[in-house]
Amino acid sequence: MEEGMDSKQQPHLILANKLFLLSHPDVDDIDKVRLREEVLSVVKSDDMASLYEYLNTSGVLEKDAELLDAMKKRIEEETKKLDEKIADAEENLGESEVREAHLAKSLYFIRICDKERALEQLKVTEGKTVAVGQKMDLVFYTLQIGFFYMDFDLISKSIDKAKNLFEEGGDWERKNRLKVYEGLYCMSTRNFKRAASLFLDSISTFTTYELFPYDTFIFYTVLTSIISLDRVSLNQKVVDAPEILTVIGKVPHLSEFLNSLYGCQYKSFFIAFSGLTEQIKLDRYLQPHFRYYMREVRTVVYSQFLESYKSVTMEAMATAFGVSVDFIDQELSRFIAAGKLHCKIDKVAGVLETNRPDARNAFYQSTIKQGDFLLNRIQKLSRVIDL
């Protein structure tokens, strides 16, 4: 476990989620009033002056000059005290105490949401740190700052830095924790396949409670796996996974979503899917990819249905999904045009005919193409040499 951390979600990430919900058009005004009060209460109690100023300019909170001045004064006093402790440690104590004093100053700047000073002070602390494990903990703090501000450049660089540190050593617990951080980064940047792989690797070793609770982790694991794994892998790694089975019932609609897809119960799947859309839409990491994710899930489920048939009537498919023939017609037309589904619609007969790509034929065509390209290059090169 990292220094100064317990198994609860980081208060800053809880605050970040409240700020996200405050800006969300689908959240009711009455809920926004409560969220605004909660945000102001946290900002006041932790003297988050720079965040308070930003929320004033963006119109989330009303400006109170007196409150801002009082916060800035307390920050000045606390910073002075922390500097005195550092000076005292440097004069009278050992290297370990000097590092602790610098770390305390870093954690204070993180607490008051002063991003620039926090990152600067973490670098100073790193300069006083020898142990790889302690250096890793500083990277985790930096990653949490990155996720608070959704600063993907900072997150990406910090993940690379952590991987380099692991080449020097480092324990398995921190390595496993990093997988969840990287998985969250991949999911937030639409690399769902990599995210699913990292999350599945961490199911039995999950200790990253500072990012999110375990049931949220399972929610992300199931969602990313459904659009990334084939049926056999999905069954082995997700549907039958005991770690997932113990928790999946706590997340509304998630069990029905997974099991109805695997069990080919398409009507139930669509009902569960519509129940889950609200949760995906109100998740700060998934919301930017909401439309993309919805398309990918439908591609998976339509492909699975069509795989069982050489041809099938539109009416049979509409009945299986519990929707109208017109809806299926519009949906499939879009997916076929985008090259997501391998079938064609016979509008007159009201039939869908599948034309699954032949892997061997595709490989043959690609080899011919590459061969032609290579021969052209050799001919061009021989002309140059002749000259």
# chains A, B, ... in the order shown; residues from 1 in each chain; ligands from 1
call {"tool": "closest_atom_pairs", "arguments": {"of": "stretch 23-84 of chain A", "to": "stretch 280-302 of chain A", "cutoff": "10 Å", "atoms": "only C-alpha atoms", "output": "tab-separated table"}}
result
residue	atom	partner	partner_atom	distance
A:His24	CA	A:Leu282	CA	7.8
A:Pro25	CA	A:Leu282	CA	9.9
A:Asp26	CA	A:Leu282	CA	8.2
A:Val27	CA	A:Leu282	CA	8.4
call {"tool": "select_by_dssp", "arguments": {"residues": "stretch 269-367 of chain A", "states": "strand (DSSP E or B)", "output": "PDB file with C-alpha atoms, in the first residue's frame"}}
result
ATOM      1  CA  SER A 311     -29.722 -16.256 -44.714  1.00  0.00           C
ATOM      2  CA  VAL A 312     -32.472 -15.114 -42.349  1.00  0.00           C
ATOM      3  CA  THR A 313     -35.632 -13.028 -42.721  1.00  0.00           C
ATOM      4  CA  CYS A 343     -24.107  -9.330 -45.118  1.00  0.00           C
ATOM      5  CA  LYS A 344     -26.468  -7.840 -47.683  1.00  0.00           C
ATOM      6  CA  ILE A 345     -30.149  -6.958 -47.520  1.00  0.00           C
ATOM      7  CA  ASP A 346     -32.584  -8.321 -50.100  1.00  0.00           C
ATOM      8  CA  VAL A 351     -34.124 -11.419 -46.307  1.00  0.00           C
ATOM      9  CA  LEU A 352     -30.594 -10.935 -44.967  1.00  0.00           C
ATOM     10  CA  GLU A 353     -27.864 -12.911 -46.692  1.00  0.00           C
ATOM     11  CA  THR A 354     -24.530 -13.265 -44.947  1.00  0.00           C
TER      12      THR A 354
END
call {"tool": "residues_around", "arguments": {"residues": "stretch 244-252 of chain A", "least_positions_apart": "6", "cutoff": "9 Å", "atoms": "only C-alpha atoms", "output": "mmCIF file with all heavy atoms, in the first residue's frame"}}
result
data_model
loop_
_atom_site.group_PDB
_atom_site.id
_atom_site.type_symbol
_atom_site.label_atom_id
_atom_site.label_comp_id
_atom_site.auth_asym_id
_atom_site.auth_seq_id
_atom_site.Cartn_x
_atom_site.Cartn_y
_atom_site.Cartn_z
ATOM 1 N N ILE A 203 -7.888 -8.884 -12.044
ATOM 2 C CA ILE A 203 -9.111 -9.256 -11.313
ATOM 3 C C ILE A 203 -8.815 -9.858 -9.945
ATOM 4 O O ILE A 203 -9.422 -9.491 -8.945
ATOM 5 C CB ILE A 203 -9.973 -10.218 -12.165
ATOM 6 C CG1 ILE A 203 -10.764 -9.412 -13.184
ATOM 7 C CG2 ILE A 203 -10.962 -10.979 -11.302
ATOM 8 C CD1 ILE A 203 -11.715 -10.235 -13.994
ATOM 9 N N TYR A 214 -14.356 -1.890 -6.072
ATOM 10 C CA TYR A 214 -14.197 -3.134 -6.840
ATOM 11 C C TYR A 214 -15.359 -3.371 -7.802
ATOM 12 O O TYR A 214 -15.160 -3.844 -8.920
ATOM 13 C CB TYR A 214 -14.045 -4.325 -5.880
ATOM 14 C CG TYR A 214 -13.631 -5.607 -6.573
ATOM 15 C CD1 TYR A 214 -12.415 -5.698 -7.240
ATOM 16 C CD2 TYR A 214 -14.454 -6.734 -6.562
ATOM 17 C CE1 TYR A 214 -12.034 -6.870 -7.887
ATOM 18 C CE2 TYR A 214 -14.076 -7.915 -7.193
ATOM 19 C CZ TYR A 214 -12.862 -7.970 -7.858
ATOM 20 O OH TYR A 214 -12.481 -9.117 -8.496
ATOM 21 N N ASP A 215 -16.589 -3.019 -7.388
ATOM 22 C CA ASP A 215 -17.724 -3.266 -8.292
ATOM 23 C C ASP A 215 -17.657 -2.371 -9.539
ATOM 24 O O ASP A 215 -18.060 -2.779 -10.632
ATOM 25 C CB ASP A 215 -19.094 -3.158 -7.579
ATOM 26 C CG ASP A 215 -19.254 -1.889 -6.794
ATOM 27 O OD1 ASP A 215 -18.284 -1.132 -6.684
ATOM 28 O OD2 ASP A 215 -20.364 -1.647 -6.272
ATOM 29 N N THR A 216 -17.097 -1.153 -9.389
ATOM 30 C CA THR A 216 -16.893 -0.282 -10.568
ATOM 31 C C THR A 216 -15.839 -0.892 -11.480
ATOM 32 O O THR A 216 -15.959 -0.863 -12.708
ATOM 33 C CB THR A 216 -16.448 1.135 -10.129
ATOM 34 O OG1 THR A 216 -17.426 1.664 -9.245
ATOM 35 C CG2 THR A 216 -16.271 2.073 -11.309
ATOM 36 N N ILE A 218 -15.230 -4.067 -11.834
ATOM 37 C CA ILE A 218 -15.870 -5.188 -12.547
ATOM 38 C C ILE A 218 -16.765 -4.660 -13.677
ATOM 39 O O ILE A 218 -16.804 -5.230 -14.776
ATOM 40 C CB ILE A 218 -16.680 -6.076 -11.563
ATOM 41 C CG1 ILE A 218 -15.732 -6.790 -10.577
ATOM 42 C CG2 ILE A 218 -17.561 -7.088 -12.300
ATOM 43 C CD1 ILE A 218 -14.700 -7.716 -11.207
ATOM 44 N N PHE A 219 -17.451 -3.553 -13.426
ATOM 45 C CA PHE A 219 -18.287 -2.890 -14.440
ATOM 46 C C PHE A 219 -17.429 -2.551 -15.669
ATOM 47 O O PHE A 219 -17.787 -2.889 -16.809
ATOM 48 C CB PHE A 219 -18.892 -1.623 -13.812
ATOM 49 C CG PHE A 219 -19.633 -0.712 -14.743
ATOM 50 C CD1 PHE A 219 -20.792 -1.127 -15.379
ATOM 51 C CD2 PHE A 219 -19.197 0.592 -14.957
ATOM 52 C CE1 PHE A 219 -21.494 -0.269 -16.229
ATOM 53 C CE2 PHE A 219 -19.882 1.446 -15.802
ATOM 54 C CZ PHE A 219 -21.027 1.015 -16.435
ATOM 55 N N THR A 221 -14.492 -3.853 -16.449
ATOM 56 C CA THR A 221 -13.921 -5.087 -17.008
ATOM 57 C C THR A 221 -14.918 -5.762 -17.942
ATOM 58 O O THR A 221 -14.563 -6.174 -19.055
ATOM 59 C CB THR A 221 -13.514 -6.064 -15.874
ATOM 60 O OG1 THR A 221 -12.625 -5.391 -14.975
ATOM 61 C CG2 THR A 221 -12.832 -7.298 -16.416
ATOM 62 N N VAL A 222 -16.174 -5.871 -17.506
ATOM 63 C CA VAL A 222 -17.208 -6.523 -18.330
ATOM 64 C C VAL A 222 -17.473 -5.712 -19.599
ATOM 65 O O VAL A 222 -17.513 -6.254 -20.699
ATOM 66 C CB VAL A 222 -18.512 -6.735 -17.521
ATOM 67 C CG1 VAL A 222 -19.652 -7.214 -18.427
ATOM 68 C CG2 VAL A 222 -18.284 -7.738 -16.397
ATOM 69 N N VAL A 238 -14.578 -14.207 -18.376
ATOM 70 C CA VAL A 238 -15.563 -13.268 -17.798
ATOM 71 C C VAL A 238 -16.815 -13.986 -17.290
ATOM 72 O O VAL A 238 -17.138 -13.905 -16.100
ATOM 73 C CB VAL A 238 -15.934 -12.167 -18.823
ATOM 74 C CG1 VAL A 238 -16.878 -11.143 -18.197
ATOM 75 C CG2 VAL A 238 -14.682 -11.473 -19.357
ATOM 76 N N ALA A 272 -31.482 -5.021 -21.073
ATOM 77 C CA ALA A 272 -30.376 -4.763 -20.128
ATOM 78 C C ALA A 272 -29.471 -3.654 -20.647
ATOM 79 O O ALA A 272 -29.014 -2.796 -19.891
ATOM 80 C CB ALA A 272 -29.572 -6.041 -19.906
ATOM 81 N N GLY A 275 -30.826 -0.317 -20.051
ATOM 82 C CA GLY A 275 -30.681 0.024 -18.627
ATOM 83 C C GLY A 275 -29.275 0.491 -18.281
ATOM 84 O O GLY A 275 -29.088 1.346 -17.410
ATOM 85 N N LEU A 276 -28.278 -0.050 -18.982
ATOM 86 C CA LEU A 276 -26.878 0.306 -18.711
ATOM 87 C C LEU A 276 -26.454 1.635 -19.334
ATOM 88 O O LEU A 276 -25.484 2.239 -18.894
ATOM 89 C CB LEU A 276 -25.946 -0.781 -19.264
ATOM 90 C CG LEU A 276 -25.557 -1.938 -18.342
ATOM 91 C CD1 LEU A 276 -24.602 -2.862 -19.075
ATOM 92 C CD2 LEU A 276 -24.900 -1.456 -17.056
#
call {"tool": "closest_residue", "arguments": {"among": "A:Ile368, A:Ala316, A:Ala16, A:His253", "to": "A:Glu278", "atoms": "only C-alpha atoms"}}
result
A:His253
call {"tool": "closest_residue", "arguments": {"among": "A:Gln121, A:Ala70, A:Ala337, A:Phe166", "to": "A:Gly133", "atoms": "only C-alpha atoms"}}
result
A:Phe166
call {"tool": "select_by_dssp", "arguments": {"residues": "stretch 156-312 of chain A", "states": "alpha helix (DSSP H)", "output": "ChimeraX atom specification"}}
result
/A:156-168,172-188,192-202,214-226,231-234,242-245,254-262,266-281,290-307
call {"tool": "residues_around", "arguments": {"residues": "A:Leu22", "least_positions_apart": "5", "cutoff": "12 Å", "atoms": "only C-alpha atoms", "output": "PyMOL selection string"}}
result
chain A and resi 15-17+27-39+55+58-61+282+284
call {"tool": "closest_residue", "arguments": {"among": "A:Leu184, A:Ala131, A:Leu68, A:Leu374", "to": "A:Met150", "atoms": "only C-alpha atoms"}}
result
A:Leu184
call {"tool": "residues_around", "arguments": {"residues": "A:Glu76", "least_positions_apart": "6", "cutoff": "12 Å", "atoms": "only C-alpha atoms", "output": "CSV table (one decimal) with N, CA and C atoms, in the first residue's frame"}}
result
chain,number,residue,atom,x,y,z
A,47,ASP,N,-9.2,24.2,1.5
A,47,ASP,CA,-8.6,25.4,1.0
A,47,ASP,C,-8.1,25.3,-0.5
A,49,ALA,N,-7.9,26.9,-3.2
A,49,ALA,CA,-8.1,28.3,-3.7
A,49,ALA,C,-8.0,28.3,-5.2
A,69,ASP,N,-9.7,35.1,-0.1
A,69,ASP,CA,-8.6,35.7,0.6
A,69,ASP,C,-8.2,34.9,1.8
A,70,ALA,N,-9.2,34.4,2.5
A,70,ALA,CA,-9.0,33.6,3.8
A,70,ALA,C,-8.3,32.3,3.4
A,82,LEU,N,5.5,24.3,6.5
A,82,LEU,CA,6.1,23.1,5.9
A,82,LEU,C,7.5,23.4,5.5
A,83,ASP,N,7.8,24.7,5.0
A,83,ASP,CA,9.2,25.1,4.6
A,83,ASP,C,10.1,25.1,5.9
A,108,TYR,N,0.4,18.2,0.6
A,108,TYR,CA,-0.4,19.3,0.9
A,108,TYR,C,-0.8,20.0,-0.4
A,109,PHE,N,0.1,20.2,-1.3
A,109,PHE,CA,-0.3,20.8,-2.6
A,109,PHE,C,-1.3,20.0,-3.4
A,112,ILE,N,-4.7,20.6,-1.7
A,112,ILE,CA,-5.3,21.9,-2.0
A,112,ILE,C,-5.6,22.1,-3.5
call {"tool": "residues_around", "arguments": {"residues": "A:Arg111", "least_positions_apart": "5", "cutoff": "10 Å", "atoms": "only C-alpha atoms", "output": "PyMOL selection string"}}
result
chain A and resi 11-12+43+46-48+105-106+118
call {"tool": "write_last_selection", "arguments": {"atoms": "C-alpha atoms", "output": "short mmCIF file (atom, residue, chain, number, x, y, z; two decimals), in the first residue's frame"}}
result
data_model
loop_
_atom_site.label_atom_id
_atom_site.label_comp_id
_atom_site.auth_asym_id
_atom_site.auth_seq_id
_atom_site.Cartn_x
_atom_site.Cartn_y
_atom_site.Cartn_z
CA PRO A 11 -11.41 12.20 -2.20
CA HIS A 12 -10.07 14.17 -5.18
CA VAL A 43 -13.28 23.25 -1.63
CA ASP A 46 -9.34 21.78 1.99
CA ASP A 47 -8.59 25.42 1.01
CA MET A 48 -8.65 24.65 -2.74
CA LYS A 105 4.68 19.46 1.26
CA SER A 106 3.85 17.55 -1.98
CA ALA A 118 2.21 19.73 -6.53
#
call {"tool": "residues_around", "arguments": {"residues": "stretch 141-144 of chain A", "least_positions_apart": "3", "cutoff": "9 Å", "atoms": "only C-alpha atoms", "output": "VMD selection string"}}
result
chain A and resid 10 12 to 13 107 110 118 to 119 122 136 to 138 147 to 149 154 to 156 158 to 159 181 210 to 211
call {"tool": "closest_residue", "arguments": {"among": "A:Leu254, A:Val348, A:Arg177, A:Ile145", "to": "A:Arg117", "atoms": "only C-alpha atoms"}}
result
A:Ile145
call {"tool": "closest_residue", "arguments": {"among": "A:Ala241, A:Gln279, A:Arg190, A:His342", "to": "A:Leu21", "atoms": "only C-alpha atoms"}}
result
A:Gln279
